[in-house]
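K.L.:
Here it is: the structure, laid out below.
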Amino acid sequence: MQRTSDINIIETRALPSPAALLAELPKTETQADFVTRARHEINQLIFTADKRFLFVVGPCSIHDLDAGREYARRLAALARQVADRVTIAMRVYFEKPRTTVGWKGLIMDPHLDGSHDIAAGLRLARAFLRDVLDLGLPTATELLDPITPQYIADLVCWSAIGARTTESQTHRQMASGLSMPLGFKNGTDGSIGSAINAIRAAAQPQTFLGINVEGAASALVTRGNPHCHIVLRGGSAGPNYAPEHIARTEQLLAKAGLPKSILVDCSHDNSAKQPERQPEVLRAVLAQIVAGNTSLMGAMIESNLAAGNQPFPQPKDQLRYGVSITDGCIDWSATEALVHEIHAALAPRFA
Ligand SMILES: O=C[C@H](O)[C@H](O)COP(=O)(O)O
Ligand SMILES: C=C(OP(=O)(O)O)C(=O)O
C-alpha cells in the first residue's frame with residue numbers, strides 16, 4: 001500500500017505530560033498567591049480607573065538563564081522603588097514567532113544548537129518562571145504554541161498573542177481558555193481590526209482541540225477570557241502610538257463595545273526595529289497621559305543587561321553575556337533611567 005501520511009515526519013519524540021512536569025516542578029502556595037494577586041492587580045490597571053501604569057519590560061527572549069536571573073534580580077529591586085505608581089512585569093519570553101525561520105526560543109531549542117530538546121526547554125522555562133516569581137516580580141510571556149500553556153501558564157501573570165498569530169483562530173480559542181490578562185498585538189501589517197476581532201472571539205466560550213494535563217488529546221471547552229486588550233506595536237506602514245492612532249484605536253474599540261484599554265509596545269514597528277528609539281516612543285506615550293489621555297494603560301520595552309543584539313547562530317561559547325540573540329534591546333542603565341522617568345512623569349496623576 002502507498003504510504004499517505006507521515007511522509008515528511010522524521011521522528012516523533014514523546015514529551016512528559018503537563019501533570020508530570022507540574023509534579024516535578026510544582027508551584028508553592030506563595031507562588032500561587034503571588035500570581036493570583038499580580039493578575040488581579042494587572043487587571044485593575046488595565047480595565048479600571050486605577051492610576052498606576054503597567055510596564056512590561058525585559059529581554060526580547062531568554063536564552064541564557066544566568067543572565068536572565070541577573071536581569072530579574074535587578075528589575076525586582078527597581079520595581080520595588082516605583083511600585084506606588086508603576087507595576088513592572090518582566091518579559092520572560094520563551095517562544096519566538098519567526099517571520100521566516102530562526103531560533104524559536106528556549107522552549108523549542110534550549111541548548112541553542114538545533115537539537116530541539118523541547119522536554120528540557122519546558123523544564124527550564126518552568127523553573128525560570130518560578131525563580132522570577134520568587135523575586136516578587138510578575139511574569140509576562142508570549143504564548144505561541146497552543147500546547148505550551150498546559151506546562152507553564154499557571155506561573156504566568158500576563159501574556160501576549162503576537163502580531164503573527166492574532167488573526168489565528170487557534171490562538172483566539174487558546175486565549176479564551178487562559179486565566180491571565182492577555183494582550184493581542186495588532187497585525188504586522190498594522191491592522192487594528194484583527195486584534196479587536198481577536199479580543200471579541202477570545203471573550204466568548206469556545207471548544208477546541210488540545211491536550212489535557214495528562215497529555216491526552218482532548219476537546220477543551222472554555223468559559224471565555226474577559227481580560228483581553230489590544231497592544232499597539234506599529235506595522236509595515238509605520239508606527240501607531242501617536243495621538244491620532246490612539247484616538248482611532250479608541251474609536252474602533254468603542255464601536256466594538258470594548259473597553260478603551262491600550263498598551264503600547266515601544267519596540268518592533270513602533271521603533272522601526274531600532275531599539276535605541278524605544279525611549280522616544282515611551283516618552284510620546286507618557287506625554288499623552290500627562291495631557292489627560294485615559295486609555296493608555298501601559299507600555300512594553302525590550303531591554304537586556306547590555307544593548308543591541310548579536311548574530312545567531314554562532315558558537316555558544318562566543319556569545320556575549322547579557323546581549324539579545326533575537327531583537328535588539330536597550331541596556332540596563334537606559335532601562336533604569338526610563339523606569340524613573342515613568343515614575344516622575346506620573347507624579348501629577350497622583351498629586
Ligand atoms: O520580537 C521578536 C521578533 O521581532 C519576532 O520574533 C520576529 O523576528 P524575525 O523577523 O527576526 O523572525
Ligand atoms: C514577537 C514579538 O512581538 P510581535 O508579535 O509584535 O512581533 C515580541 O514581543 O517578542
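Within each chain, counting starts at residue 1; across the C-alpha cells, chains are named A, B, ... in the order shown, with ligands numbered 1 upward in that order.
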Please identify all polymer residues within 10 Å of Ala14 of chain A, counting only C-alpha atoms, omitting same-chain residues fewer than 2 positions from it, and present them as a list in words.
P.N.:
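Within the cut-off, the hits are Glu11, Thr12, Pro16, Ser17, Ile118 and Ala119 of chain A.
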K.L.:
Would you please extract all helix (DSSP H, G or I) residues from segment 115-332 of chain A, as assigned by DSSP on the backbone, and give them as a ChimeraX atom specification?
P.N.:
/A:118-134,149-155,169-177,193-202,243-255,268-270,275-290,316-318,332
K.L.:
Could you name the residues that touch Asn43 of chain A at 9 Å or less, counting only C-alpha atoms, but leaving out those on the same chain fewer than 6 positions away, as a tab-separated table (two decimals) with C-alpha atoms, in the first residue's frame?
P.N.:
chain	number	residue	atom	x	y	z
A	180	MET	CA	-4.46	35.62	32.95
A	181	PRO	CA	-4.92	39.09	31.39
A	227	HIS	CA	-9.46	40.18	30.35
K.L.:
Using only C-alpha atoms and all ligand atoms, which protein or nucleic acid residues are at most 6 Å from ligand 1, as a VMD selection string?
P.N.:
chain A and resid 60 96 to 100 327
K.L.:
Distance limit 7 Å, reference ligand 2, atoms considered: only C-alpha atoms and all ligand atoms. Which residues make the cut? Give them as a list of chain:residue names.
P.N.:
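After applying the 7 Å limit, what remains is A:Cys60, A:Tyr93, A:Lys96, A:Pro97, A:Glu142, A:Ile161, A:Gly162, A:Ala163, A:Arg164, A:Lys185, A:Thr188, A:Arg233, A:His268.
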K.L.:
Please measure the separation of atom CA of Pro110 of chain A and atom CA of Arg69 of chain A, giving the value in Å to one decimal.
P.N.:
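Separation between atom CA of Pro110 of chain A and atom CA of Arg69 of chain A: 15.7 Å.
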K.L.:
So, with only C-alpha atoms as the atoms that count, which of A:Glu29, A:Asp50, A:Glu70, A:Asp64 lies closest to Gly121 of chain A?
P.N.:
A:Asp64
K.L.:
Please identify all polymer residues within 10 Å of Ala153 of chain A, counting only C-alpha atoms, omitting same-chain residues fewer than 6 positions from it, and present them as a short mmCIF file (atom, residue, chain, number, x, y, z; two decimals) with N, CA and C atoms, in the first residue's frame.
P.N.:
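To be explicit, this is the file written out as part-v1.cif:
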data_model
loop_
_atom_site.label_atom_id
_atom_site.label_comp_id
_atom_site.auth_asym_id
_atom_site.auth_seq_id
_atom_site.Cartn_x
_atom_site.Cartn_y
_atom_site.Cartn_z
N ARG A 126 9.84 26.47 33.00
CA ARG A 126 9.03 26.40 34.24
C ARG A 126 9.87 26.78 35.46
N LEU A 129 10.48 30.60 35.44
CA LEU A 129 9.29 31.37 35.85
C LEU A 129 9.15 31.36 37.37
N THR A 141 4.67 36.78 29.26
CA THR A 141 5.25 35.99 28.17
C THR A 141 4.32 35.96 26.97
N LEU A 143 2.50 33.56 24.40
CA LEU A 143 2.12 32.15 24.28
C LEU A 143 1.91 31.87 22.80
N SER A 159 -0.04 37.69 29.55
CA SER A 159 0.52 37.07 28.34
C SER A 159 0.12 37.85 27.11
N LEU A 178 -7.49 30.89 28.67
CA LEU A 178 -6.38 31.26 29.57
C LEU A 178 -6.89 32.05 30.77
N SER A 179 -6.15 31.94 31.86
CA SER A 179 -6.63 32.50 33.14
C SER A 179 -6.07 33.88 33.45
N MET A 180 -5.12 34.35 32.62
CA MET A 180 -4.46 35.62 32.95
C MET A 180 -4.90 36.73 31.98
#
K.L.:
Quick one: everything within 10 Å of segment 238-254 of chain A, counting only C-alpha atoms, minus sequence neighbours fewer than 6 positions away in the same chain. Send it as a short mmCIF file (atom, residue, chain, number, x, y, z; two decimals) with N, CA and C atoms, in the first residue's frame.
P.N.:
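Okay, selection.cif is ready:
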data_model
loop_
_atom_site.label_atom_id
_atom_site.label_comp_id
_atom_site.auth_asym_id
_atom_site.auth_seq_id
_atom_site.Cartn_x
_atom_site.Cartn_y
_atom_site.Cartn_z
N ASN A 186 -1.56 44.19 17.45
CA ASN A 186 -2.10 44.43 16.11
C ASN A 186 -1.26 43.62 15.10
N ASP A 189 0.86 43.96 9.54
CA ASP A 189 0.53 44.97 8.53
C ASP A 189 -0.06 46.23 9.19
N GLY A 190 -0.14 46.22 10.50
CA GLY A 190 -0.66 47.38 11.23
C GLY A 190 -2.15 47.29 11.50
N ILE A 192 -5.59 46.98 13.01
CA ILE A 192 -6.14 47.02 14.37
C ILE A 192 -7.33 46.07 14.43
N GLY A 193 -8.02 45.96 13.28
CA GLY A 193 -9.25 45.17 13.23
C GLY A 193 -9.02 43.73 13.66
N ALA A 195 -6.90 42.56 15.80
CA ALA A 195 -6.75 42.48 17.26
C ALA A 195 -8.11 42.67 17.95
N ILE A 196 -8.92 43.56 17.40
CA ILE A 196 -10.24 43.78 18.00
C ILE A 196 -11.11 42.53 17.83
N ASN A 197 -11.06 41.95 16.64
CA ASN A 197 -11.81 40.69 16.42
C ASN A 197 -11.31 39.60 17.36
N ILE A 199 -9.99 39.99 20.38
CA ILE A 199 -10.48 40.24 21.75
C ILE A 199 -11.93 39.75 21.87
N HIS A 229 -7.03 42.66 25.89
CA HIS A 229 -6.92 44.05 25.45
C HIS A 229 -5.99 44.14 24.25
N ILE A 230 -5.87 45.32 23.69
CA ILE A 230 -5.05 45.48 22.48
C ILE A 230 -3.65 45.98 22.84
N LEU A 232 -0.61 47.91 20.78
CA LEU A 232 -0.22 48.56 19.52
C LEU A 232 1.29 48.44 19.36
N LYS A 260 -11.84 50.89 26.51
CA LYS A 260 -10.75 51.62 25.85
C LYS A 260 -9.46 51.40 26.65
N SER A 261 -8.86 50.24 26.49
CA SER A 261 -7.65 49.90 27.23
C SER A 261 -6.56 49.54 26.24
N ILE A 262 -5.52 50.36 26.23
CA ILE A 262 -4.47 50.19 25.22
C ILE A 262 -3.11 50.10 25.89
N LEU A 263 -2.30 49.15 25.43
CA LEU A 263 -0.90 49.08 25.85
C LEU A 263 -0.06 49.32 24.60
N VAL A 264 0.97 50.12 24.71
CA VAL A 264 1.83 50.40 23.54
C VAL A 264 3.13 49.63 23.67
N ASP A 265 3.42 48.84 22.66
CA ASP A 265 4.72 48.17 22.56
C ASP A 265 5.66 49.16 21.86
N CYS A 266 6.64 49.64 22.61
CA CYS A 266 7.54 50.68 22.07
C CYS A 266 8.56 50.09 21.10
N SER A 267 8.58 48.77 21.03
CA SER A 267 9.57 48.10 20.18
C SER A 267 8.99 47.83 18.79
N HIS A 268 9.52 46.85 18.10
CA HIS A 268 9.03 46.39 16.80
C HIS A 268 8.80 47.56 15.84
N ASP A 269 7.66 47.60 15.16
CA ASP A 269 7.49 48.66 14.15
C ASP A 269 7.21 50.03 14.76
N ASN A 270 7.01 50.09 16.07
CA ASN A 270 6.86 51.42 16.68
C ASN A 270 8.20 52.13 16.83
N SER A 271 9.28 51.35 16.76
CA SER A 271 10.60 51.99 16.83
C SER A 271 11.41 51.63 15.59
N ALA A 272 10.71 51.25 14.53
CA ALA A 272 11.37 50.84 13.28
C ALA A 272 12.47 49.82 13.56
N VAL A 281 9.55 56.60 21.98
CA VAL A 281 8.16 56.13 21.87
C VAL A 281 7.49 56.19 23.24
N LEU A 282 8.22 55.69 24.24
CA LEU A 282 7.68 55.71 25.60
C LEU A 282 7.39 57.14 26.05
N ALA A 284 6.61 59.63 24.20
CA ALA A 284 5.42 60.13 23.50
C ALA A 284 4.15 59.59 24.16
N VAL A 285 4.21 58.36 24.65
CA VAL A 285 3.06 57.78 25.34
C VAL A 285 2.83 58.52 26.66
N ALA A 287 3.68 61.52 27.39
CA ALA A 287 3.20 62.89 27.12
C ALA A 287 1.69 62.89 26.93
N GLN A 288 1.18 61.85 26.27
CA GLN A 288 -0.27 61.78 26.06
C GLN A 288 -1.00 61.57 27.39
N ASN A 293 -4.84 61.75 28.54
CA ASN A 293 -5.36 60.51 27.95
C ASN A 293 -5.63 59.48 29.06
N SER A 295 -6.88 56.18 28.12
CA SER A 295 -6.97 54.83 27.56
C SER A 295 -5.61 54.13 27.51
N LEU A 296 -4.53 54.89 27.63
CA LEU A 296 -3.19 54.30 27.60
C LEU A 296 -2.86 53.76 28.99
#
K.L.:
Contacts of Leu155 of chain A at 8 Å or less, counting only C-alpha atoms, minus same-chain residues fewer than 2 places along, as a VMD selection string?
P.N.:
chain A and resid 27 31 to 32 35 126 129 to 130 133 139 152 to 153 157
K.L.:
Pull C-alpha atoms from the residues just selected and write them as a PDB file, in the first residue's frame.
P.N.:
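What ended up in selection.pdb:
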ATOM      1  CA  LYS A  27       4.453  25.797  42.398  1.00  0.00           C
ATOM      2  CA  GLN A  31       3.851  31.494  44.184  1.00  0.00           C
ATOM      3  CA  ALA A  32       0.179  30.680  43.512  1.00  0.00           C
ATOM      4  CA  VAL A  35       0.323  35.001  40.573  1.00  0.00           C
ATOM      5  CA  ARG A 126       9.034  26.404  34.240  1.00  0.00           C
ATOM      6  CA  LEU A 129       9.293  31.369  35.850  1.00  0.00           C
ATOM      7  CA  ARG A 130       9.294  30.134  39.452  1.00  0.00           C
ATOM      8  CA  LEU A 133       8.016  34.903  40.860  1.00  0.00           C
ATOM      9  CA  THR A 139       5.879  37.312  34.753  1.00  0.00           C
ATOM     10  CA  ILE A 152       3.681  26.866  32.200  1.00  0.00           C
ATOM     11  CA  ALA A 153       0.558  29.065  32.208  1.00  0.00           C
ATOM     12  CA  CYS A 157       0.775  36.760  35.226  1.00  0.00           C
TER      13      CYS A 157
END
K.L.:
Which polymer residues have any atom within 8 Å of an atom of segment 303-308 of chain A, counting only C-alpha atoms, with same-chain residues fewer than 4 positions away left out, as a tab-separated table (two decimals) with C-alpha atoms, in the first residue's frame?
P.N.:
chain	number	residue	atom	x	y	z
A	57	VAL	CA	9.99	45.15	30.29
A	58	GLY	CA	12.74	42.64	29.71
A	59	PRO	CA	14.72	40.75	27.11
A	60	CYS	CA	13.32	40.05	23.69
A	67	ALA	CA	21.89	36.48	32.54
A	71	TYR	CA	18.32	40.82	34.94
A	275	PRO	CA	15.97	49.56	19.96
A	321	TYR	CA	26.82	37.85	28.13
A	322	GLY	CA	23.56	39.78	28.55
A	323	VAL	CA	23.13	40.57	24.84
A	324	SER	CA	19.99	39.52	22.96
A	327	ASP	CA	15.70	41.61	18.59
A	328	GLY	CA	17.96	44.41	19.80
A	329	CYS	CA	17.35	45.80	23.29
A	330	ILE	CA	18.22	48.87	25.32
A	331	ASP	CA	20.71	48.26	28.12
A	332	TRP	CA	20.22	48.18	31.86
A	335	THR	CA	16.11	50.89	31.36
K.L.:
Using only C-alpha atoms, which residue out of A:Met1, A:Met297, A:Leu124, A:Leu45 lies closest to Leu25 of chain A?
P.N.:
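For Leu25 of chain A, the nearest of the candidates is A:Leu124.
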